[in-house]
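Reading through the structure tokens given below for one structure.
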Amino acid sequence: MIPEAAKSKLIELLGNRGYLDRPEDLVLYEYDGSVDKHRPDMVVFPRSTEDVVAIVKIANEYNLPFVGRGAGTGLSGGAIPRAGGLMISFSRMNRILEIDLENERAVVEPGVVNLDISLAVQAQKYFYAPDPSSQRACTIGGNVAENAGGPHTLAYGVTTNHVMGLEAVLPDGSVITTGGKGPDCPGYDLTGLLTGSEGTMALVTKIIVRLMRQPEVVKTILAIYDSAEDAGATVAEITAQGITPVAVEMLDGVMLGMVEEATQAGYPMDAAAVLLIELEGLREAVEEQVEQIRAACTACRAREFRVAKSAEERELLWKGRKNAFGAVGRVSPFYYVQDGVVPRTQIAPTLRYIQEVSERYGLTISNIFHAGDGNMHPIILFDARKPGDLEKAQRAGEDILRFCVSVGGSITGEHGVGMEKMELMSDLFSDDSLEMIARLKRLFDPDCRLNPGKMLPTGRGCMEIRQKPLVPGSFVY
Amino acid sequence: MCEMVMRSLTPSTPEELAEGLAAAAAAGRRIRLGGAFSKSSMGGPISDADVCVSTQNLNRLRQYEPRDLTISVEAGMPWRELQNLLAENKQMLPLDPPFASQATVGGVVAANTSGPRRRQYGGVRDFVIGMTFATLEGKLIQTGGMVVKNVAGLDMGKLMIGSYGTLAAIATVNFKVIPAPARSLSFCRRFETVDEVFNARDEILRSVLQPSAIDILNPAAAERIGQEGWLLLLRAGGNAALLDRYARELSGFETIEGEAETALWQSIQEFTPAFLDDYPLGTVVRVSSSLQQMKLLAGTLSVPLVARAGTGVGYAHFTKPEEAGEWASRSKGQEWKCVIDFAPESHKEYLMLWPDPGPELATMQRIKQMFDPNNLLNKGRLHGRI
Ligand SMILES: Cc1cc2nc3c(=O)[nH]c(=O)nc-3n(C[C@H](O)[C@H](O)[C@H](O)COP(=O)(O)OP(=O)(O)OC[C@H]3O[C@@H](n4cnc5c(N)ncnc54)[C@H](O)[C@@H]3O)c2cc1C
């Protein structure tokens with residue numbers, strides 16, 4: 001509950017249209033793209049860094065927890081206010097402040113939607129490289145918090161490789177700026193530390209991002225397989241051969257059916273898997289790579305190899321990929337997405353293991369993922385109305401992540417730990433390492449008001465949350 | 001360097017490193033930490049210490065899976081050895097750091113050094129995928145892992161990169177590596193004025209060409225490598241058809257290949273060490289700026305300047321420490337930032353090495369305080385401020 005005095009201060013600050021507190025409005029803010037839920041007590045909409053500072057100071061005065069929120073597309077419960085309190089939505093801090101092509105930079109507010117940066121500079125032939133599949137909706141603030149990736153981050157790097165500097169409000173209400181338009185700013189790399197800190201250490205209010213020049217040529221290839229493992233082996237082969245596509249995405253047979261039904265993108269309905277491979281660069285390099293990729297695919301028993309002939313054909317293939325989650329939603333209202341990573345030589349064995357898990361639990365598991373960097377996204381379909389099904393799905397997910405760890409991988413490649421994979425952190429890191437994360441968190445947020453109860457196993461974070469937050473989500477995209 | 005009078009430690013396992021640090025810190029001993037100490041003139045002054053810890057015996061290969069394009073090594077492995085291991089598999093870590101023949105992996109990471117091919121491939125922070133470091137409490141902390149994409153936990157490795165060993169001792173580092181291009185070709189063009197050379201650079205930046213290196217040398221720097229005028233140097237890698245294309249599009253440039261190419265980039269990569277050898281009072285200012293600001297700064301410098309003109313880092317080489325100090329102090333309140341990267345030990349105490357750290361210094365100091373509350377480890381090495 002928010003004390004009346006705090007509420008009136010916030011209303012005075014933000015105006016009547018600057019907040020929400022009626023239960024029917026708050027329910028819309030109780031979830032993100034994951035399966036957990038918890039309702040905030042009040043949602044506030046700052047318009048400036050000064051507003052954010054003032055909000056944080058009021059939160060401190062009244063000892064209220066607070067959580068930042070972008071578009072709420074997060075897949076690990078990052079924006080869920082586990083402890084209630086204030087939710088700070090950045091949706092009205094959504095201006096592109098500066099486009100500076102001469103310096104290959106843009107300065108944006110956190111609420112700017114990812115794709116809008118690329119749209120703003122595409123006429124001048126520039127783009128912003130990190131391209132999460134949710135890029136039409138998710139915000140740069142959320143991307144920085146999660147260190148988001150996307151299909152093209154295989155070649156271009158993830159968010160942290162494209163963020164040059166930040167302005168951030170610390171949990172005590174002070175403002176820091178880190179980095180700048182140039183690289184290698186002196187001192188500790190606070191930009192790098194805060195990027196990927198899952199909104200637990202600072203609220204980001206301004207971001208300097210790197211822009212890149214569009215490539216001369218783009219080629220998109222669809223390689224079709226009768227066995228998912230062969231497709232997985234192809235990724236290992238491409239990596240081993242030193243061929244450097246900008247994206248290698250895989251969709252398995254279950255997924256192909258769902259995607260094709262929803263998007264009619266031209267994917268084969270009868271195949272066991274496809275690879276969607278993109279090459280970019282100068283014509284001379286791309287032409288050679290098409291042939292190298294063709295050889296790798298053929299060596300791994302691809303049954304067909306198609307190069308998209310037109311921009312429309314290419315767009316359609318990508319539309320199918322990027323709308324995949326929507327396609328799943330049409331078939332199964334409940335699903336659970338995992339985000340494990342494995343070394344690229346381990347993709348084929350991991351796919352085999354996922355199949356075993358699917359059989360063991362009697363759940364359909366479909367795979368669509370950033371294969372080029374080994375970032376698996378098994379999607380576990382379940383029916384929350386059936387007692388025990390959600391728990392089964394979660395156990396299946398954990399089994400898969402444990403397997404990823406056992407072959408030298410990680411539990412999350414881009415979605416973050418959030419409140420979903422907290423307990424698995426101990427599988428990956430020693431107690432001392434977890435304690436170090438907790439200490440850094442406490443250094444920034446000694447009173448543990450900013451996004452409490454995330455990232456670290458229960459009992460290791462700075463605040464125990466006893467209430468069990470897990471309520472099966474009923475979400476459809 | 002570890003002097004004879006000091007107690008010196010050369011641990012050969014990460015555990016020994018952690019134990020050694022913990023024992024020294026528990027006894028309140030001041031610690032000097034390094035790899036091969038090749039970059040002692042870099043960073044802040046070397047304070048008096050009671051114990052000297054070197055990672056030079058911590059030099060093993062831990063894991064290398066060429067088919068996964070990842071490698072894990074101990075921090076004391078010589079940089080050159082790492083390069084050789086990768087080259088055997090036609091792979092590379094194109095950081096091109098100075099002092100490459102003496103440096104250790106840990107030193108390159110802790111000093112965040114890099115070189116020309118930064119334009120295409122990025123710096124240390126873009127290659128490190130995991131790390132373990134030993135704290136003064138004797139703990140070995142892991143961060144990241146052996147996969148190229150990973151967001152589990154805080155990215156604590158970023159704190160260590162460029163920290164000059166002021167927080168903890170890097171014990172092992174995991175990198176992602178890059179397949180080496182089949183062939184390489186370089187291009188050089190001379191210009192009369194700063195405007196001309198930067199305009200030519202702007203044209204390259206706007207074009208579809210993707211050179212791995214875009215460096216500009218001012219006339220004073222050009223002279224040091226036996227050339228004259230303002231030089232624009234480019235490097236490209238790839239197949240023969242691609243390099244032909246570069247040669248066609250860059251018709252006004254002189255092409256450089258083979259041994260001459262290797263020698264050219266070697267002289268650029270080792271420009272600063274060679275300068276410091278020639279000038280015992282040599283003082284080098286490192287500038288971080290926007291690409292356009294770099295042009296304005298270049299116009300104000302008559303001392304040798306090597307600019308990573310497609311990246312936004314520049315190295316200005318002064319023969320007089322005072323002049324370097326004066327020039328560096330102009331960065332105060334500006335959008336561009338600078339530090340004195342190298343200075344003679346005798347001058348470090350009074351030079352303002354890091355003129356304008358900004359309010360975020362307070363946050364950095366708190367981080368230092370957390371890792372090293374008694375300020376025992378590499379005191380002052382972070383540009384004299386931490
Ligand atoms: C269909 C679909 C596809 C997806 N594909 C991808 C993908 O390809 N790659 C990928 O990486 N992710 C993907 N995601 C996950 C998600 O889109 C990303 O994690 C994204 O970065 C979240 O952005 P958001 O604006 O929705 O943030 P939210 O979900 O609102 O918040 C995420 C986290 O960011 C914090 N936060 C938000 N704004 C700020 C701020 N200004 N300062 C500090 N903290 C802040 C929140 O507190 C929370 O912890 C996908 C999600 C969906 C639903």
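The chains in the structure tokens are called A, B, ... from first to last as shown; in each chain the residues are counted from 1, and the ligands are counted from 1 in the order shown.
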
At most 6 Å from ligand 1 (only C-alpha atoms and all ligand atoms): residue list as a compact mmCIF listing (two decimals) with C-alpha atoms, in the first residue's frame:
```txt
# COMPACT_ATOMS: atom_id res chain seq x y z
CA ASP A 32 5.36 -9.29 -18.35
CA GLY A 33 6.05 -11.92 -21.01
CA VAL A 67 10.68 -1.19 -10.31
CA GLY A 68 11.34 0.21 -13.80
CA ARG A 69 9.29 -0.97 -16.71
CA GLY A 70 9.70 -0.61 -20.44
CA ALA A 71 7.22 -2.41 -22.66
CA GLY A 72 6.76 -5.41 -20.38
CA THR A 73 7.92 -7.88 -23.03
CA GLY A 74 10.57 -9.33 -20.71
CA LEU A 75 10.60 -13.12 -20.51
CA GLY A 78 12.26 -8.66 -14.64
CA ALA A 79 9.57 -5.98 -14.56
CA PRO A 110 14.78 4.63 -22.32
CA PRO A 132 15.40 -8.72 -30.52
CA SER A 133 12.49 -10.54 -32.12
CA SER A 134 10.29 -8.30 -29.97
CA CYS A 138 10.42 -3.65 -26.55
CA THR A 139 12.24 -0.54 -25.36
CA GLY A 141 15.69 0.77 -21.49
CA GLY A 142 14.49 -2.83 -21.24
CA ASN A 143 17.16 -3.91 -23.73
CA ALA A 145 18.56 -3.88 -18.49
CA GLU A 146 18.48 -7.36 -20.03
CA ALA A 148 19.13 -8.05 -25.16
CA GLY A 149 20.26 -9.96 -28.20
CA GLY A 150 18.60 -10.90 -31.46
CA GLU A 198 18.29 -6.44 -14.98
CA GLY A 199 17.00 -3.18 -13.60
CA ALA A 202 19.98 1.82 -11.46
CA LEU A 203 17.17 3.31 -13.50
CA VAL A 204 18.51 4.24 -16.89
CA THR A 205 17.26 7.58 -18.19
CA PHE A 325 5.62 -16.46 -30.67
CA GLU A 414 19.42 -12.92 -23.50
CA HIS A 415 16.21 -13.03 -21.47
```

Practice problem: Output as number ranges by chain all residues of region 281-443 of chain A that backbone DSSP marks as alpha helix (DSSP H). | Solution: A: 283-299, 311-322, 324-331, 347-361, 389-406, 425-428, 431-443

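Counting only C-alpha atoms, Lys379 (chain B) has the following residues at most 7 Å away, ignoring those fewer than 4 positions along the same chain: Ser47, Thr166, Asn375 and Ile386 of chain B.
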
Produce a file of the selected residues containing N, CA, C and O atoms, as an mmCIF file, in the first residue's frame.
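As written to disk, selection03.cif reads:
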```cif
data_model
loop_
_atom_site.group_PDB
_atom_site.id
_atom_site.type_symbol
_atom_site.label_atom_id
_atom_site.label_comp_id
_atom_site.auth_asym_id
_atom_site.auth_seq_id
_atom_site.Cartn_x
_atom_site.Cartn_y
_atom_site.Cartn_z
ATOM 1 N N SER B 47 53.100 2.778 -6.527
ATOM 2 C CA SER B 47 53.327 3.133 -5.119
ATOM 3 C C SER B 47 54.248 2.113 -4.468
ATOM 4 O O SER B 47 54.400 0.999 -4.956
ATOM 5 N N THR B 166 43.365 -2.733 -9.813
ATOM 6 C CA THR B 166 43.087 -2.026 -8.561
ATOM 7 C C THR B 166 41.953 -2.666 -7.768
ATOM 8 O O THR B 166 41.700 -2.259 -6.633
ATOM 9 N N ASN B 375 42.780 0.017 0.706
ATOM 10 C CA ASN B 375 43.560 0.588 -0.393
ATOM 11 C C ASN B 375 44.967 -0.012 -0.466
ATOM 12 O O ASN B 375 45.965 0.696 -0.533
ATOM 13 N N ILE B 386 42.564 6.356 -8.189
ATOM 14 C CA ILE B 386 42.116 5.203 -7.393
ATOM 15 C C ILE B 386 43.281 4.242 -7.274
ATOM 16 O O ILE B 386 43.929 3.964 -8.271
#
```

Exercise answer, chain B residues close to chain A, 7 Å and only C-alpha atoms, as a PyMOL selection string: chain B and resi 66-68+126+139+141-142+146-156+158-159+162-163+179+208+239+241-242+288-292+312-313+337+339+359-360+364+382

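Residues of region 286-385 of chain B assigned to strand (DSSP E) by DSSP on this structure's backbone: Arg286, Val287, Ser288, Leu305, Val306, Ala307, Arg308, Val313, Gly314, Tyr315, Ala316, His317, Phe318, Lys337, Cys338, Val339, Ile340, Asp341 and Phe342 of chain B.
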
Keeping only N, CA and C atoms, write the selected residues to a file as an mmCIF file, in the first residue's frame.
```
data_model
loop_
_atom_site.group_PDB
_atom_site.id
_atom_site.type_symbol
_atom_site.label_atom_id
_atom_site.label_comp_id
_atom_site.auth_asym_id
_atom_site.auth_seq_id
_atom_site.Cartn_x
_atom_site.Cartn_y
_atom_site.Cartn_z
ATOM 1 N N ARG B 286 45.854 9.789 -23.862
ATOM 2 C CA ARG B 286 44.828 9.029 -24.581
ATOM 3 C C ARG B 286 43.519 9.821 -24.572
ATOM 4 N N VAL B 287 42.975 10.021 -25.757
ATOM 5 C CA VAL B 287 41.751 10.798 -25.887
ATOM 6 C C VAL B 287 40.603 9.878 -26.284
ATOM 7 N N SER B 288 39.450 10.039 -25.653
ATOM 8 C CA SER B 288 38.232 9.363 -26.104
ATOM 9 C C SER B 288 37.290 10.455 -26.598
ATOM 10 N N LEU B 305 50.473 12.219 -33.315
ATOM 11 C CA LEU B 305 49.142 11.735 -32.963
ATOM 12 C C LEU B 305 48.812 10.514 -33.809
ATOM 13 N N VAL B 306 48.448 9.424 -33.148
ATOM 14 C CA VAL B 306 47.924 8.252 -33.842
ATOM 15 C C VAL B 306 46.459 8.163 -33.457
ATOM 16 N N ALA B 307 45.589 8.330 -34.460
ATOM 17 C CA ALA B 307 44.157 8.340 -34.163
ATOM 18 C C ALA B 307 43.489 7.106 -34.737
ATOM 19 N N ARG B 308 42.757 6.384 -33.888
ATOM 20 C CA ARG B 308 41.857 5.323 -34.371
ATOM 21 C C ARG B 308 40.651 6.076 -34.917
ATOM 22 N N VAL B 313 39.368 6.861 -30.572
ATOM 23 C CA VAL B 313 40.437 6.932 -29.573
ATOM 24 C C VAL B 313 41.669 7.486 -30.266
ATOM 25 N N GLY B 314 42.389 8.360 -29.572
ATOM 26 C CA GLY B 314 43.608 8.913 -30.148
ATOM 27 C C GLY B 314 44.709 8.919 -29.112
ATOM 28 N N TYR B 315 45.944 8.812 -29.599
ATOM 29 C CA TYR B 315 47.088 8.793 -28.698
ATOM 30 C C TYR B 315 48.027 9.920 -29.102
ATOM 31 N N ALA B 316 48.169 10.924 -28.236
ATOM 32 C CA ALA B 316 49.035 12.074 -28.519
ATOM 33 C C ALA B 316 50.326 11.906 -27.731
ATOM 34 N N HIS B 317 51.449 12.000 -28.454
ATOM 35 C CA HIS B 317 52.749 11.670 -27.864
ATOM 36 C C HIS B 317 53.559 12.932 -27.618
ATOM 37 N N PHE B 318 53.718 13.306 -26.379
ATOM 38 C CA PHE B 318 54.455 14.515 -26.011
ATOM 39 C C PHE B 318 55.857 14.145 -25.541
ATOM 40 N N LYS B 337 37.022 13.100 -23.477
ATOM 41 C CA LYS B 337 37.686 12.818 -22.203
ATOM 42 C C LYS B 337 39.121 12.391 -22.467
ATOM 43 N N CYS B 338 39.973 12.628 -21.495
ATOM 44 C CA CYS B 338 41.309 12.078 -21.687
ATOM 45 C C CYS B 338 42.013 11.760 -20.389
ATOM 46 N N VAL B 339 43.011 10.915 -20.541
ATOM 47 C CA VAL B 339 43.912 10.598 -19.438
ATOM 48 C C VAL B 339 45.330 10.578 -19.972
ATOM 49 N N ILE B 340 46.261 10.805 -19.076
ATOM 50 C CA ILE B 340 47.655 10.581 -19.435
ATOM 51 C C ILE B 340 47.896 9.092 -19.240
ATOM 52 N N ASP B 341 48.110 8.420 -20.366
ATOM 53 C CA ASP B 341 48.219 6.967 -20.374
ATOM 54 C C ASP B 341 49.617 6.533 -19.906
ATOM 55 N N PHE B 342 50.615 7.251 -20.406
ATOM 56 C CA PHE B 342 52.009 6.925 -20.074
ATOM 57 C C PHE B 342 52.725 8.201 -19.658
#
```

Env of Val51 (chain B): 7 Å cut, atoms = only C-alpha atoms, seq-sep filter 2 positions within chain, self excluded. Answer as a count of residues only.
9

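The shortest atom-to-atom distance to Ala134 (chain B), with only C-alpha atoms taken into account, belongs to B:Thr13 out of B:Thr311, B:Ser184, B:Thr13, B:Gln210.
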
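A straight line drawn from CA of Pro219 (chain B) to CA of Val197 (chain B) is 11.2 Å long.
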
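Distance-wise, CA of Glu229 (chain A) and CA of Thr350 (chain A) end up 9.0 Å apart.
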
One residue among A:Ile224, A:Leu316, A:Val108, A:Val307 is nearest to Met269 (chain A) when using only C-alpha atoms, and that residue is A:Ile224
